[in-house]
Every structure is written in structure tokens, then in C-alpha cells.
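Peer 1: Dropping the structure in here first, questions after.
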Amino acid sequence: MSDTRPSFIVTIDTEGDNLWARPRRITTRNALFLGRFQALCESYGLRPTYLTTWEMAESPLFQEFANDALERNAGEVGMHLHAWSTPPETPLTEDDHRYLPYVTEYPRADMAAKIEALTTKLEDTFDTSIRSHRGGRWALDGTYAALLVEAGYRVDCSVTPLLSWSSSPGARVEAGPDYAHYPSRAYRLDVDDVSRPGPSPLVEVPVTTFGVGHRRPVEWARRRARGHSRAELALNRLFPVARWLRPDGRNGRELPRLLDVARAEGRDYVQFVLHSSELMPGGSPRFQTARSIESLYEDMERLFAAAGGFAGRTLSEYREHWEPRHAAA
């Protein structure tokens with residue numbers, strides 16, 4: 001009998017240390033801190049998907065960690081493409097490490113070359129097929145989706161429903177992707193319009209988000225702030241437009257309640273997201289100290305313990321679970 005429980009998906013953007021600071025030299029010391037997280041997940045039957053950048057694929061520490069998890073069938077390695085640090089190098093600015101261009105800003109041929117380079121790197125390093133993906137800086141458009149399909153990818157998780165990255169410019173664009181009106185449930189992508197279901201084999205598994213209602217003055221201020229990145233960022237920090245299954249150091253007691261909302265809404269999965277560097281003291285703006293890391297683990301354990309009735313699945317396992325019920329969709 002098939003397991004009909006909804007899925008608990010853990011996705012980790014597995015990348016260099018504190019990239020929020022936009023370092024010119026990317027280090028990967030956070031690989032040392034993944035073992036504890038993996039052990040916590042395994043103790044609750046969860047199976048992380050490590051969406052991996054070029055730098056982490058080159059890290060001997062991460063290679064040892066990930067190969068062990070793969071050999072024990074305790075997780076999955078996928079791709080997380082940071083265009084500014086993935087070869088071949090095709091600079092868009094005088095300092096791409098400062099501007100962090102979206103991969104969707106590059107010509108199609110350059111996008112394809114970067115996808116091929118990182119996919120090959122991951123498959124050769126970890127001796128496994130790479131089929132899951134998340135765009136760096138949440139990037140996704142039709143060209144990118146079509147290239148992922150051509151490269152053999154079958155599941156993506158770049159979409160953040162209810163959220164817009166319009167206040168996050170790239171190298172040549174003034175705004176990032178806007179997913180505010182995208183579906184919140186899994187769907188097969190239309191590569192001509194990635195906001196709607198279509199016939200491609202690439203299944204989109206959007207990040208789990210829940211709407212937050214605000215009073216009219218906040219919504220008025222948000223409309224006025226559009227196009228002004230600093231004002232938008234400030235408003236989003238004070239009045240988030242969505243809650244998502246992502247610990248931030250302040251929402252630990254709220255996270256388990258989001259599982260209750262997901263159950264009540266009949267969602268067939270929830271997706272927990274975190275960066276690998278957030279598991280290391282000083283590896284991110286949110287978790288600077290050893291004490292903050294301990295608090296993070298307390299929050300994650302509280303959440304994972306509340307996940308009764310969910311089945312731990314990797315991204316690819318979720319797609320396999322989803323596919324038979326949506327084969328004709």
C-alpha cells in the first residue's frame with residue numbers, strides 16, 4: 001500500500017559562508033557544521049535535499065559529508081546555480097561578486113554552459129544523477145526552465161508564492177523575479193509561462209508560504225514603496241507579506257503552528273528552507289553567535305517534532321510520489 005501521508009521536504013541552499021556580505025573570496029567552512037543538522041533530520045525521519053553551488057561541490061569537507069549521506073540513502077544532492085561564481089566566467093559587470101547577477105540576465109548560450117558545467121561537476125563528484133534544482137537568488141524564467149529540461153532536470157523549487165523580489169536588483173535589471181501571484185501547490189511547468197501549469201516534465205514545487213493580512217495603512221505604504229528598494233526592504237522586514245517554513249531566530253514558536261495551517265488547508269507537502277551557512281556561527285546575518293545557533297536548533301527540533309503525520313521525502317522523492325496522481329495534469 002502506498003504511503004499517502006503529505007510530504008515534509010527539507011531543502012538546503014548549500015553555498016559559501018555569509019554570502020549576504022558579498023565576499024570577493026568565497027569560503028566554505030560551513031560544511032563542517034552540516035553533520036549535526038543531518039543527524040537531527042535523520043532522528044525525525046527527514047531526508048534533506050542539499051541544493052549545491054560550485055564552491056561547495058569543490059569543498060573536500062562537503063564532498064565527504066554528502067557522499068556519506070548518499071551512500072546511506074539519507075538525502076539528495078541537487079543544483080543551486082550562482083551565476084557569478086559558476087564557470088565559464090562571463091562577467092556582466094566590473095565586479096559580479098558585488099552585483100550578484102541573476103542567471104536569467106545572461107545570454108541563452110552562457111546560461112546553458114553554466115548549467116552544463118555545474119551539473120557535470122556535481123554528477124562527477126557525487127556519482128549520482130542530478131535532477132533537482134533551485135535558482136540562485138530564486139531566479140527562474142521560461143528560458144531557464146527550458147534549459148533545465150534539456151539538461152535532464154525534473155524538479156525545481158525556485159518559486160516563492162506571495163513574494164516578490166522586486167527590491168533585489170541584479171547586474172543589469174532593476175528588479176528580481178515576482179512570484180506574488182504564482183501557484184502555491186506543485187505543478188508541471190509551462191516553459192512559455194512558468195507561472196502556470198503546462199506540459200513540460202519539470203515539476204515546480206513552490207516554497208511553502210502562508211499569507212499574512214495587513215491593515216490598509218500598511219498596504220498603502222507598500223504600494224507607495226514599490227520601486228524604491230530600501231523602502232520596500234524596510235517594510236517587508238517590519239510587515240512581512242508571507243510566513244514561510246524558514247526559521248529566522250524569532251519565529252520558533254510560530255513554525256509548528258504553520259504545520260497545523262498546512263494540514264487544515266489539505267496541502268500535500270510542506271517545504272522547510274534554510275542556507276547551509278546559517279548552521280554556522282557568523283555564517284549569516286541572522287545567526288551570529290554560538291547561542292543563536294543553539295536557539296536555532298531548539299526551534300528546528302520543536303518544528304520537526306510537530307511533524308507527525310508527514311513523511312520525510314527529498315525533492316525527487318516528492319516528485320515521484322506526486323507524479324502518479326497528476327500524470328494527466
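Starting from 1 in every chain, residues are counted up; chains themselves are A, B, ... following the order of the C-alpha cells, and ligands are numbered from 1 as listed.
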I need the residues in region 29-173 of chain A that are helix (DSSP H, G or I) according to DSSP; give them as number ranges by chain.
Peer 2: A: 29-43, 54-58, 60-71, 83-85, 96-99, 103-105, 108-126, 136-138, 142-150
Peer 1: Any chance you could export the current selection's C-alpha atoms as a compact mmCIF listing (two decimals), in the first residue's frame?
Peer 2:
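Heads up, here's the output in out-v1.txt:
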# COMPACT_ATOMS: atom_id res chain seq x y z
CA ARG A 29 33.79 26.45 6.32
CA ASN A 30 30.09 25.88 6.98
CA ALA A 31 30.47 22.35 5.55
CA LEU A 32 31.88 21.43 8.98
CA PHE A 33 28.51 22.18 10.57
CA LEU A 34 26.25 20.05 8.37
CA GLY A 35 26.73 16.77 10.23
CA ARG A 36 24.77 17.91 13.26
CA PHE A 37 21.90 19.09 11.08
CA GLN A 38 21.83 15.83 9.12
CA ALA A 39 21.73 13.85 12.35
CA LEU A 40 18.80 15.92 13.61
CA CYS A 41 16.89 15.35 10.39
CA GLU A 42 17.53 11.62 10.46
CA SER A 43 16.33 11.38 14.06
CA TRP A 54 30.11 25.20 -7.41
CA GLU A 55 32.17 26.18 -4.35
CA MET A 56 30.56 23.59 -2.12
CA ALA A 57 30.97 20.90 -4.79
CA GLU A 58 34.69 21.69 -4.70
CA PRO A 60 36.55 18.27 0.32
CA LEU A 61 34.63 18.61 3.58
CA PHE A 62 31.29 18.79 1.81
CA GLN A 63 32.26 16.03 -0.58
CA GLU A 64 32.96 13.68 2.34
CA PHE A 65 29.73 14.67 4.09
CA ALA A 66 27.47 14.41 1.04
CA ASN A 67 28.95 11.17 -0.25
CA ASP A 68 28.31 9.58 3.13
CA ALA A 69 24.68 10.76 3.11
CA LEU A 70 24.20 9.47 -0.44
CA GLU A 71 25.78 6.10 0.31
CA ALA A 83 25.80 32.52 -11.92
CA TRP A 84 28.53 34.91 -10.73
CA SER A 85 30.74 32.09 -9.41
CA ASP A 96 29.97 40.43 -10.37
CA HIS A 97 30.61 39.41 -6.74
CA ARG A 98 29.20 42.78 -5.77
CA TYR A 99 26.19 42.81 -8.08
CA VAL A 103 21.49 33.65 -14.26
CA THR A 104 18.49 34.84 -16.27
CA GLU A 105 20.44 38.02 -17.17
CA ARG A 108 20.99 31.77 -23.50
CA ALA A 109 24.26 30.13 -24.58
CA ASP A 110 26.02 31.30 -21.41
CA MET A 111 23.16 30.04 -19.26
CA ALA A 112 23.34 26.64 -20.93
CA ALA A 113 27.12 26.47 -20.46
CA LYS A 114 26.85 27.22 -16.75
CA ILE A 115 24.09 24.64 -16.27
CA GLU A 116 26.19 22.03 -18.07
CA ALA A 117 29.33 22.88 -16.10
CA LEU A 118 27.72 22.67 -12.67
CA THR A 119 25.61 19.61 -13.50
CA THR A 120 28.69 17.75 -14.75
CA LYS A 121 30.67 18.85 -11.70
CA LEU A 122 28.01 17.55 -9.31
CA GLU A 123 27.43 14.28 -11.15
CA ASP A 124 31.14 13.53 -11.41
CA THR A 125 31.85 14.49 -7.80
CA PHE A 126 28.96 12.62 -6.22
CA GLY A 136 20.39 31.27 -7.23
CA ARG A 137 18.59 34.30 -5.81
CA TRP A 138 15.33 32.45 -6.63
CA GLY A 142 10.95 30.31 -19.34
CA THR A 143 14.38 30.20 -20.96
CA TYR A 144 15.96 28.89 -17.79
CA ALA A 145 13.21 26.30 -17.29
CA ALA A 146 13.59 25.05 -20.89
CA LEU A 147 17.36 24.70 -20.44
CA LEU A 148 16.85 22.76 -17.21
CA VAL A 149 14.53 20.37 -19.03
CA GLU A 150 17.13 19.89 -21.78
Peer 1: Which residues of region 279-317 of chain A come within 12 Å of region 188-211 of chain A, and what is each one's closest atom pair and distance in Å (one decimal), counting only C-alpha atoms, sorted by chain and residue number, as CSV?
Peer 2:
residue,atom,partner,partner_atom,distance
A:Thr314,CA,A:Val205,CA,11.4
A:Leu315,CA,A:Val205,CA,8.1
A:Ser316,CA,A:Val203,CA,9.7
A:Glu317,CA,A:Val205,CA,11.8
Peer 1: Save the residues we just selected, C-alpha atoms, as a PDB file, in the first residue's frame?
Peer 2:
ATOM      1  CA  THR A 314      13.626  14.521  -0.788  1.00  0.00           C
ATOM      2  CA  LEU A 315      12.605  16.754  -3.688  1.00  0.00           C
ATOM      3  CA  SER A 316      12.979  13.954  -6.214  1.00  0.00           C
ATOM      4  CA  GLU A 317      11.118  11.524  -3.969  1.00  0.00           C
TER       5      GLU A 317
END
